[in-house]
$ cat protein_26.txt   # compact mmCIF, C-alpha atoms
# COMPACT_ATOMS: atom_id res chain seq x y z
CA MET A 23 -3.90 -3.63 1.93
CA MET A 24 -5.83 -2.86 5.10
CA GLU A 25 -8.01 0.19 5.60
CA VAL A 26 -5.48 2.17 7.61
CA PHE A 27 -5.38 5.59 6.00
CA ASN A 28 -8.79 7.03 6.98
CA ASP A 29 -8.30 10.69 8.10
CA TYR A 30 -4.58 10.36 7.42
CA ALA A 31 -5.38 10.13 3.70
CA TYR A 32 -6.29 13.79 3.66
CA TYR A 33 -2.74 14.68 4.68
CA TYR A 34 -0.99 11.97 2.68
CA ASN A 35 0.14 14.16 -0.22
CA LEU A 36 1.32 16.86 2.18
CA PHE A 37 3.61 14.54 4.13
CA TYR A 38 5.03 13.08 0.92
CA GLN A 39 5.29 16.30 -1.08
CA ASP A 40 9.07 15.87 -1.19
CA LYS A 41 8.87 12.32 -2.56
CA ASP A 42 10.41 12.20 -6.04
CA TYR A 43 7.69 10.38 -7.98
CA ASP A 44 9.26 11.30 -11.32
CA ALA A 45 12.57 9.69 -10.36
CA GLU A 46 10.79 6.54 -9.20
CA THR A 47 8.84 6.48 -12.45
CA GLU A 48 12.12 6.62 -14.35
CA GLN A 49 13.30 3.63 -12.31
CA ILE A 50 10.22 1.64 -13.31
CA VAL A 51 10.83 2.46 -16.98
CA GLU A 52 14.48 1.43 -16.62
CA LEU A 53 13.48 -1.89 -15.06
CA LEU A 54 10.92 -2.52 -17.80
CA ASN A 55 13.57 -1.91 -20.44
CA ARG A 56 16.18 -3.93 -18.56
CA TYR A 57 13.99 -7.01 -18.46
CA GLY A 58 12.74 -6.80 -22.01
CA GLN A 59 9.28 -5.29 -21.75
CA SER A 60 9.10 -2.23 -24.02
CA PRO A 61 7.16 0.56 -22.26
CA LYS A 62 5.91 2.42 -25.33
CA GLY A 63 2.13 2.37 -25.51
CA SER A 64 1.80 -0.48 -23.03
CA SER A 65 -1.02 -0.92 -20.55
CA MET A 66 -0.37 -1.06 -16.84
CA LEU A 67 -2.34 -1.89 -13.70
CA SER A 68 -1.27 -0.17 -10.49
CA LEU A 69 -2.13 -2.11 -7.32
CA GLY A 70 -2.58 0.16 -4.31
CA CYS A 71 -2.26 3.36 -6.33
CA GLY A 72 -2.98 5.73 -3.44
CA THR A 73 -3.58 9.25 -4.72
CA GLY A 74 -2.29 8.31 -8.17
CA LYS A 75 1.03 10.17 -8.22
CA HIS A 76 2.93 7.37 -9.94
CA ASP A 77 0.03 6.75 -12.31
CA PHE A 78 -0.05 10.34 -13.55
CA ALA A 79 3.72 10.34 -14.05
CA LEU A 80 3.57 7.09 -16.03
CA SER A 81 0.59 8.30 -18.04
CA LYS A 82 2.60 11.31 -19.17
CA LEU A 83 5.17 8.88 -20.58
CA GLY A 84 2.54 7.17 -22.71
CA PHE A 85 1.41 4.30 -20.50
CA SER A 86 -2.26 3.43 -20.41
CA MET A 87 -2.81 3.41 -16.66
CA THR A 88 -5.44 1.88 -14.39
CA GLY A 89 -5.08 2.33 -10.65
CA ILE A 90 -6.96 0.62 -7.83
CA ASP A 91 -6.90 1.29 -4.09
CA ILE A 92 -8.96 0.14 -1.13
CA SER A 93 -9.31 3.68 0.21
CA PRO A 94 -12.25 5.66 -1.24
CA VAL A 95 -10.64 8.84 0.07
CA MET A 96 -7.41 8.11 -1.81
CA ILE A 97 -9.28 7.34 -5.02
CA LYS A 98 -11.35 10.52 -4.70
CA MET A 99 -8.13 12.50 -4.34
CA ALA A 100 -6.72 10.78 -7.43
CA LEU A 101 -9.88 11.54 -9.42
CA ASP A 102 -9.87 15.15 -8.25
CA SER A 103 -6.24 15.44 -9.34
CA SER A 104 -7.22 14.38 -12.86
CA ASN A 105 -8.57 17.90 -13.36
CA ASP A 106 -5.07 19.29 -12.80
CA HIS A 107 -3.47 17.15 -15.51
CA ALA A 108 -3.73 17.64 -19.25
CA ASP A 109 -3.14 14.01 -20.24
CA PRO A 110 -4.95 13.09 -23.47
CA LYS A 111 -5.67 9.71 -21.87
CA PRO A 112 -5.71 10.17 -18.09
CA PRO A 113 -5.44 7.20 -15.73
CA LEU A 114 -8.55 5.29 -14.73
CA PHE A 115 -9.11 4.86 -11.00
CA GLU A 116 -11.28 2.43 -9.09
CA VAL A 117 -11.92 1.56 -5.44
CA ALA A 118 -10.97 -2.09 -4.96
CA ASP A 119 -9.11 -4.44 -2.63
CA ILE A 120 -5.97 -5.69 -4.37
CA ARG A 121 -6.45 -9.10 -2.73
CA GLU A 122 -9.92 -9.61 -4.18
CA TYR A 123 -9.84 -7.60 -7.41
CA GLN A 124 -11.02 -9.31 -10.57
CA PRO A 125 -9.31 -7.57 -13.52
CA HIS A 126 -11.61 -6.40 -16.30
CA CYS A 127 -8.93 -7.08 -18.93
CA LYS A 128 -5.32 -8.16 -19.37
CA TYR A 129 -2.40 -5.76 -18.95
CA ASP A 130 1.11 -5.67 -20.35
CA ASN A 131 2.57 -4.89 -16.92
CA VAL A 132 1.50 -4.63 -13.28
CA ILE A 133 3.13 -2.47 -10.60
CA SER A 134 2.64 -2.06 -6.86
CA LEU A 135 4.71 0.76 -5.39
CA PHE A 136 5.42 2.57 -2.15
CA HIS A 137 5.55 -0.69 -0.17
CA VAL A 138 1.91 -1.67 -0.70
CA VAL A 139 2.98 -5.32 -0.71
CA SER A 140 4.52 -4.87 2.75
CA TYR A 141 1.01 -4.14 4.04
CA GLN A 142 0.15 -7.75 3.18
CA ASN A 143 1.13 -9.08 6.60
CA LYS A 144 -0.21 -12.61 6.25
CA ASN A 145 0.89 -15.23 3.72
CA ALA A 146 -2.71 -15.60 2.56
CA ASP A 147 -2.92 -11.87 1.79
CA LEU A 148 0.37 -11.96 -0.09
CA LEU A 149 -0.71 -14.95 -2.17
CA LYS A 150 -4.02 -13.27 -3.03
CA THR A 151 -2.16 -10.14 -4.13
CA PHE A 152 0.17 -12.18 -6.32
CA GLU A 153 -2.83 -14.02 -7.75
CA THR A 154 -4.42 -10.69 -8.70
CA ALA A 155 -1.22 -9.64 -10.49
CA SER A 156 -0.99 -12.97 -12.27
CA LYS A 157 -4.62 -12.84 -13.43
CA ALA A 158 -4.13 -9.30 -14.72
CA LEU A 159 -1.00 -9.97 -16.75
CA ASN A 160 -0.57 -10.99 -20.35
CA SER A 161 1.78 -13.93 -20.80
CA GLY A 162 5.34 -12.65 -20.48
CA GLY A 163 4.23 -9.45 -18.74
CA LEU A 164 6.19 -8.01 -15.83
CA PHE A 165 5.11 -7.52 -12.23
CA ILE A 166 7.26 -4.94 -10.42
CA PHE A 167 6.77 -4.15 -6.75
CA ASP A 168 8.76 -2.79 -3.84
CA VAL A 169 8.89 -3.95 -0.21
CA TRP A 170 10.68 -3.43 3.05
CA TYR A 171 13.68 -5.75 2.62
CA GLY A 172 14.44 -8.05 5.53
CA PRO A 173 18.26 -8.03 5.59
CA GLY A 174 18.36 -4.23 5.53
CA VAL A 175 15.59 -3.75 8.10
CA LEU A 176 17.28 -6.12 10.54
CA SER A 177 20.68 -4.51 9.96
CA ASP A 178 19.36 -0.97 10.52
CA LYS A 179 16.31 -1.36 12.73
CA PRO A 180 13.46 1.15 12.51
CA ALA A 181 13.66 4.09 14.92
CA VAL A 182 11.37 6.87 16.11
CA ARG A 183 10.96 9.54 13.43
CA ILE A 184 9.43 13.01 13.59
CA LYS A 185 8.34 15.00 10.54
CA ARG A 186 6.95 18.54 10.36
CA VAL A 187 5.07 20.03 7.40
CA THR A 188 2.69 22.92 6.85
CA ASP A 189 -0.21 23.51 4.47
CA GLY A 190 -0.13 27.27 5.03
CA ASN A 191 -2.87 27.29 7.64
CA ASN A 192 -1.84 24.37 9.81
CA LEU A 193 1.38 22.98 11.19
CA LEU A 194 1.39 19.18 11.13
CA ILE A 195 3.76 17.17 13.29
CA ARG A 196 3.93 13.43 12.74
CA TYR A 197 5.49 11.08 15.27
CA ALA A 198 6.26 7.55 14.05
CA GLN A 199 6.93 4.98 16.77
CA PRO A 200 7.92 1.51 15.46
CA VAL A 201 7.39 -1.73 17.37
CA MET A 202 9.05 -4.82 15.90
CA SER A 203 7.63 -8.33 16.01
CA ALA A 204 10.14 -11.13 15.44
CA GLU A 205 7.39 -13.75 15.28
CA ASP A 206 5.76 -12.49 12.10
CA ASN A 207 8.49 -10.31 10.51
CA CYS A 208 6.37 -7.17 10.95
CA VAL A 209 6.92 -3.66 12.21
CA GLU A 210 3.90 -1.89 13.68
CA VAL A 211 4.38 1.80 13.00
CA ASN A 212 2.25 3.86 15.36
CA TYR A 213 1.58 7.31 13.92
CA GLU A 214 0.45 10.27 15.99
CA ILE A 215 -0.25 13.39 13.96
CA LEU A 216 -0.79 16.74 15.65
CA ILE A 217 -2.62 19.34 13.55
CA ILE A 218 -2.03 22.82 14.92
CA ASP A 219 -4.05 25.76 13.59
CA GLN A 220 -1.42 28.48 13.28
CA ILE A 221 -3.97 31.27 13.81
CA SER A 222 -6.19 29.98 16.61
CA GLY A 223 -3.66 27.60 18.16
CA HIS A 224 -6.26 24.82 18.23
CA VAL A 225 -4.71 21.36 18.28
CA SER A 226 -6.32 18.16 16.97
CA LYS A 227 -4.84 14.69 16.76
CA ILE A 228 -4.98 11.70 14.43
CA GLU A 229 -3.69 8.27 15.41
CA GLU A 230 -2.98 5.47 12.93
CA GLN A 231 -1.33 2.05 13.13
CA HIS A 232 0.38 0.70 10.01
CA SER A 233 1.69 -2.86 10.21
CA MET A 234 4.52 -3.37 7.72
CA ARG A 235 6.01 -6.76 6.87
CA TYR A 236 9.61 -7.09 5.76
CA PHE A 237 10.44 -9.81 3.26
CA PHE A 238 13.27 -12.08 2.18
CA GLN A 239 13.97 -13.21 -1.36
CA PRO A 240 13.40 -16.98 -0.94
CA GLU A 241 9.86 -16.55 0.46
CA ILE A 242 8.92 -14.04 -2.24
CA GLU A 243 10.26 -16.32 -4.97
CA PHE A 244 8.35 -19.32 -3.59
CA MET A 245 5.05 -17.46 -3.32
CA LEU A 246 5.34 -15.87 -6.74
CA ASP A 247 5.90 -19.31 -8.23
CA GLN A 248 2.69 -20.56 -6.59
CA LYS A 249 0.78 -17.99 -8.65
CA GLY A 250 2.45 -18.52 -12.02
CA LEU A 251 5.08 -15.80 -11.71
CA SER A 252 8.83 -16.30 -12.13
CA LEU A 253 11.18 -14.10 -10.13
CA LEU A 254 13.71 -12.42 -12.42
CA ALA A 255 15.54 -10.12 -10.03
CA CYS A 256 15.65 -8.37 -6.68
CA VAL A 257 17.39 -4.98 -6.69
CA ASP A 258 18.03 -2.15 -4.26
CA CYS A 259 15.45 0.64 -4.63
CA ASN A 260 18.12 3.36 -4.44
CA THR A 261 20.78 1.94 -6.72
CA LEU A 262 18.91 -0.63 -8.88
CA LYS A 263 21.88 -2.91 -8.17
CA ALA A 264 21.97 -6.20 -6.28
CA THR A 265 20.56 -6.04 -2.78
CA ASP A 266 22.76 -6.37 0.30
CA TYR A 267 22.52 -5.76 4.03
CA ASN A 268 22.31 -2.00 3.42
CA SER A 269 19.18 -2.36 1.27
CA TRP A 270 16.25 -1.17 3.37
CA THR A 271 13.85 -1.39 0.42
CA ALA A 272 13.97 -3.54 -2.69
CA TYR A 273 12.24 -3.93 -6.03
CA PHE A 274 11.19 -7.42 -7.04
CA ILE A 275 10.70 -8.08 -10.74
CA ALA A 276 8.72 -11.13 -11.86
CA ARG A 277 7.42 -12.39 -15.20
CA LYS A 278 4.10 -14.09 -15.93
CA LYS A 279 4.81 -17.65 -17.07

$ encode --input "protein_26.txt" --output "structure tokens"
Amino acid sequence: MMEVFNDYAYYYNLFYQDKDYDAETEQIVELLNRYGQSPKGSSMLSLGCGTGKHDFALSKLGFSMTGIDISPVMIKMALDSSNDHADPKPPLFEVADIREYQPHCKYDNVISLFHVVSYQNKNADLLKTFETASKALNSGGLFIFDVWYGPGVLSDKPAVRIKRVTDGNNLLIRYAQPVMSAEDNCVEVNYEILIIDQISGHVSKIEEQHSMRYFFQPEIEFMLDQKGLSLLACVDCNTLKATDYNSWTAYFIARKK
């Protein structure tokens, strides 16, 4: 994952405060159970953990969590959040690039959520990410990750989106302008965030570019196989049923050979 979050990281949790991390955590547990990997007491590595929201939710359910992210700001936010949680065994967090990370131990399962894999725009980056997951897994362990799903993205192309949130002192307005590239199956999302002080009226601006790749099942299956991982299933992120042309995002579930 590229270093794209910078100043935006400070406002990350605010913009995604309505994201249902608990529901997504329940989905991960359901997929683990569905494909025969009992979640009780198991260890899990989270690739691209961000501010650790999924990791804290999974830790509460008894998972032994380790999260890594390339952004020092994100990891600091995750570590700071540890003080707000009463987990007997809180998640461990570390700054690391998921493409280059050398696992310190083996894990029962590996996850990569919130489309971190879609930030791997080049085949070489994707293969390195899959290699990291493969190295980290015990034999038979599951690797679960979500991506922007090609058939759905092309059926319902990205459009300009505007989101407004407030932190009490500031009004934040985020404009997302997508630009599609047919040559490399990527969407460059150009973010412009206006931060308006609601007392003084002062306005500041943050600009970010996030390049997101959308994927198709055959290429994912081929690349997983190159790194010793067997694709078990591809399911819609909303329904956990088979993907179709309405599936904008999808979970891929693979097993370490």

$ closest_residue --input "protein_26.txt" --among "A:Ile195, A:Leu176, A:Val201, A:Leu246" --to "Phe274 (chain A)" --atoms "all atoms listed in the file"
A:Leu246

$ residues_around --input "protein_26.txt" --residues "region 38-46 of chain A" --least-positions-apart "6" --cutoff "9 Å" --atoms "only C-alpha atoms" --output "PyMOL selection string"
chain A and resi 75-76+79-80+259

$ atom_distance --input "protein_26.txt" --atom1 "CA of Leu53 (chain A)" --atom2 "CA of Gly89 (chain A)"
19.5 Å

$ closest_residue --input "protein_26.txt" --among "A:Val187, A:Ile221, A:Met66, A:Ile242" --to "Gly172 (chain A)" --atoms "only C-alpha atoms"
A:Ile242

$ residues_around --input "protein_26.txt" --residues "Tyr213 (chain A)" --least-positions-apart "5" --cutoff "12 Å" --atoms "all atoms listed in the file" --output "ChimeraX atom specification"
/A:26-27,29-30,182-185,195-201,227-233

$ atom_distance --input "protein_26.txt" --atom1 "CA of Asn145 (chain A)" --atom2 "CA of Phe237 (chain A)"
11.0 Å

$ closest_residue --input "protein_26.txt" --among "A:Tyr57, A:Phe136, A:Tyr171, A:Phe85" --to "Ile275 (chain A)" --atoms "all atoms listed in the file"
A:Tyr57

$ closest_residue --input "protein_26.txt" --among "A:Phe167, A:Tyr123, A:Phe37, A:Phe152" --to "Val138 (chain A)" --atoms "all atoms listed in the file"
A:Phe167

$ atom_distance --input "protein_26.txt" --atom1 "CA of Asn212 (chain A)" --atom2 "CA of Glu116 (chain A)"
28.0 Å

$ closest_residue --input "protein_26.txt" --among "A:Asn131, A:Ser226, A:Thr188, A:Thr265" --to "Gln59 (chain A)" --atoms "all atoms listed in the file"
A:Asn131

$ residues_around --input "protein_26.txt" --residues "Asp258 (chain A)" --least-positions-apart "6" --cutoff "8 Å" --atoms "only C-alpha atoms" --output "short mmCIF file (atom, residue, chain, number, x, y, z; two decimals) with C-alpha atoms, in the frame of the given file"
data_model
loop_
_atom_site.label_atom_id
_atom_site.label_comp_id
_atom_site.auth_asym_id
_atom_site.auth_seq_id
_atom_site.Cartn_x
_atom_site.Cartn_y
_atom_site.Cartn_z
CA ALA A 264 21.97 -6.20 -6.28
CA THR A 265 20.56 -6.04 -2.78
CA ASP A 266 22.76 -6.37 0.30
CA SER A 269 19.18 -2.36 1.27
CA TRP A 270 16.25 -1.17 3.37
CA THR A 271 13.85 -1.39 0.42
CA ALA A 272 13.97 -3.54 -2.69
CA TYR A 273 12.24 -3.93 -6.03
#

$ residues_around --input "protein_26.txt" --residues "His126 (chain A)" --least-positions-apart "2" --cutoff "9 Å" --atoms "only C-alpha atoms" --output "PyMOL selection string"
chain A and resi 124+128+158

$ residues_around --input "protein_26.txt" --residues "region 94-106 of chain A" --least-positions-apart "5" --cutoff "7 Å" --atoms "only C-alpha atoms" --output "list of chain:residue names"
A:Ala31, A:Gly72, A:Thr73, A:Gly74, A:Pro112, A:Phe115, A:Glu116, A:Val117

$ write_last_selection --input "protein_26.txt" --atoms "C-alpha atoms" --output "compact mmCIF listing (two decimals), in the coordinates of the input"
# COMPACT_ATOMS: atom_id res chain seq x y z
CA ALA A 31 -5.38 10.13 3.70
CA GLY A 72 -2.98 5.73 -3.44
CA THR A 73 -3.58 9.25 -4.72
CA GLY A 74 -2.29 8.31 -8.17
CA PRO A 112 -5.71 10.17 -18.09
CA PHE A 115 -9.11 4.86 -11.00
CA GLU A 116 -11.28 2.43 -9.09
CA VAL A 117 -11.92 1.56 -5.44

$ closest_residue --input "protein_26.txt" --among "A:Met87, A:Cys127, A:Leu254, A:Ile92" --to "Lys111 (chain A)" --atoms "all atoms listed in the file"
A:Met87

$ decode --input "protein_26.txt" --residues "region 99-136 of chain A" --atoms "N, CA and C atoms" --output "short mmCIF file (atom, residue, chain, number, x, y, z; two decimals), in the first residue's frame"
data_model
loop_
_atom_site.label_atom_id
_atom_site.label_comp_id
_atom_site.auth_asym_id
_atom_site.auth_seq_id
_atom_site.Cartn_x
_atom_site.Cartn_y
_atom_site.Cartn_z
N MET A 99 -2.37 6.27 15.82
CA MET A 99 -3.77 6.38 16.20
C MET A 99 -4.29 5.06 16.77
N ALA A 100 -3.86 3.95 16.17
CA ALA A 100 -4.26 2.63 16.67
C ALA A 100 -3.71 2.41 18.08
N LEU A 101 -2.44 2.75 18.29
CA LEU A 101 -1.83 2.58 19.61
C LEU A 101 -2.50 3.48 20.64
N ASP A 102 -2.81 4.70 20.25
CA ASP A 102 -3.50 5.62 21.17
C ASP A 102 -4.87 5.09 21.54
N SER A 103 -5.52 4.43 20.57
CA SER A 103 -6.86 3.88 20.83
C SER A 103 -6.83 2.72 21.81
N SER A 104 -5.67 2.08 21.94
CA SER A 104 -5.55 0.94 22.86
C SER A 104 -5.90 1.35 24.28
N ASN A 105 -5.67 2.61 24.60
CA ASN A 105 -5.98 3.10 25.95
C ASN A 105 -7.47 3.17 26.21
N ASP A 106 -8.26 3.18 25.12
CA ASP A 106 -9.71 3.29 25.26
C ASP A 106 -10.40 1.93 25.30
N HIS A 107 -9.61 0.86 25.17
CA HIS A 107 -10.18 -0.48 25.14
C HIS A 107 -9.67 -1.28 26.35
N ALA A 108 -10.56 -2.10 26.87
CA ALA A 108 -10.22 -2.87 28.08
C ALA A 108 -9.91 -4.32 27.75
N ASP A 109 -9.39 -4.60 26.56
CA ASP A 109 -9.07 -5.97 26.18
C ASP A 109 -7.97 -6.53 27.08
N PRO A 110 -8.15 -7.74 27.58
CA PRO A 110 -7.08 -8.35 28.38
C PRO A 110 -5.82 -8.59 27.56
N LYS A 111 -5.99 -8.82 26.25
CA LYS A 111 -4.86 -9.00 25.36
C LYS A 111 -5.08 -8.12 24.13
N PRO A 112 -4.72 -6.84 24.22
CA PRO A 112 -4.99 -5.91 23.12
C PRO A 112 -4.17 -6.25 21.89
N PRO A 113 -4.59 -5.79 20.73
CA PRO A 113 -3.84 -6.04 19.50
C PRO A 113 -2.43 -5.44 19.56
N LEU A 114 -1.52 -6.07 18.85
CA LEU A 114 -0.19 -5.51 18.66
C LEU A 114 -0.17 -4.77 17.33
N PHE A 115 0.51 -3.63 17.29
CA PHE A 115 0.55 -2.84 16.06
C PHE A 115 2.00 -2.50 15.71
N GLU A 116 2.25 -2.47 14.41
CA GLU A 116 3.62 -2.24 13.94
C GLU A 116 3.58 -1.50 12.60
N VAL A 117 4.49 -0.54 12.42
CA VAL A 117 4.63 0.13 11.14
C VAL A 117 5.41 -0.77 10.19
N ALA A 118 4.80 -1.12 9.07
CA ALA A 118 5.47 -2.00 8.11
C ALA A 118 4.74 -1.94 6.77
N ASP A 119 5.48 -2.19 5.72
CA ASP A 119 4.94 -2.27 4.36
C ASP A 119 4.49 -3.71 4.12
N ILE A 120 3.23 -3.89 3.78
CA ILE A 120 2.72 -5.26 3.62
C ILE A 120 3.40 -6.01 2.48
N ARG A 121 4.04 -5.29 1.58
CA ARG A 121 4.74 -5.95 0.47
C ARG A 121 6.11 -6.48 0.87
N GLU A 122 6.67 -5.93 1.92
CA GLU A 122 8.03 -6.28 2.32
C GLU A 122 8.11 -6.92 3.70
N TYR A 123 7.01 -7.02 4.39
CA TYR A 123 7.00 -7.47 5.78
C TYR A 123 7.47 -8.91 5.92
N GLN A 124 8.33 -9.13 6.89
CA GLN A 124 8.80 -10.48 7.21
C GLN A 124 8.15 -10.88 8.55
N PRO A 125 7.17 -11.76 8.51
CA PRO A 125 6.44 -12.13 9.74
C PRO A 125 7.37 -12.68 10.81
N HIS A 126 7.11 -12.30 12.05
CA HIS A 126 7.91 -12.77 13.17
C HIS A 126 7.52 -14.18 13.61
N CYS A 127 6.32 -14.61 13.19
CA CYS A 127 5.83 -15.93 13.57
C CYS A 127 4.77 -16.35 12.57
N LYS A 128 4.20 -17.53 12.76
CA LYS A 128 3.12 -18.02 11.92
C LYS A 128 1.77 -17.70 12.57
N TYR A 129 0.76 -17.49 11.70
CA TYR A 129 -0.58 -17.14 12.18
C TYR A 129 -1.59 -18.16 11.65
N ASP A 130 -2.68 -18.30 12.40
CA ASP A 130 -3.75 -19.20 11.96
C ASP A 130 -4.49 -18.63 10.75
N ASN A 131 -4.64 -17.30 10.73
CA ASN A 131 -5.36 -16.64 9.65
C ASN A 131 -4.72 -15.29 9.35
N VAL A 132 -4.94 -14.81 8.14
CA VAL A 132 -4.50 -13.47 7.74
C VAL A 132 -5.69 -12.77 7.08
N ILE A 133 -5.86 -11.49 7.40
CA ILE A 133 -6.91 -10.69 6.76
C ILE A 133 -6.29 -9.42 6.18
N SER A 134 -6.97 -8.84 5.21
CA SER A 134 -6.62 -7.53 4.68
C SER A 134 -7.92 -6.89 4.22
N LEU A 135 -8.39 -5.90 4.99
CA LEU A 135 -9.74 -5.38 4.80
C LEU A 135 -9.75 -3.92 4.37
N PHE A 136 -10.94 -3.48 4.00
CA PHE A 136 -11.18 -2.11 3.54
C PHE A 136 -10.37 -1.81 2.29
#
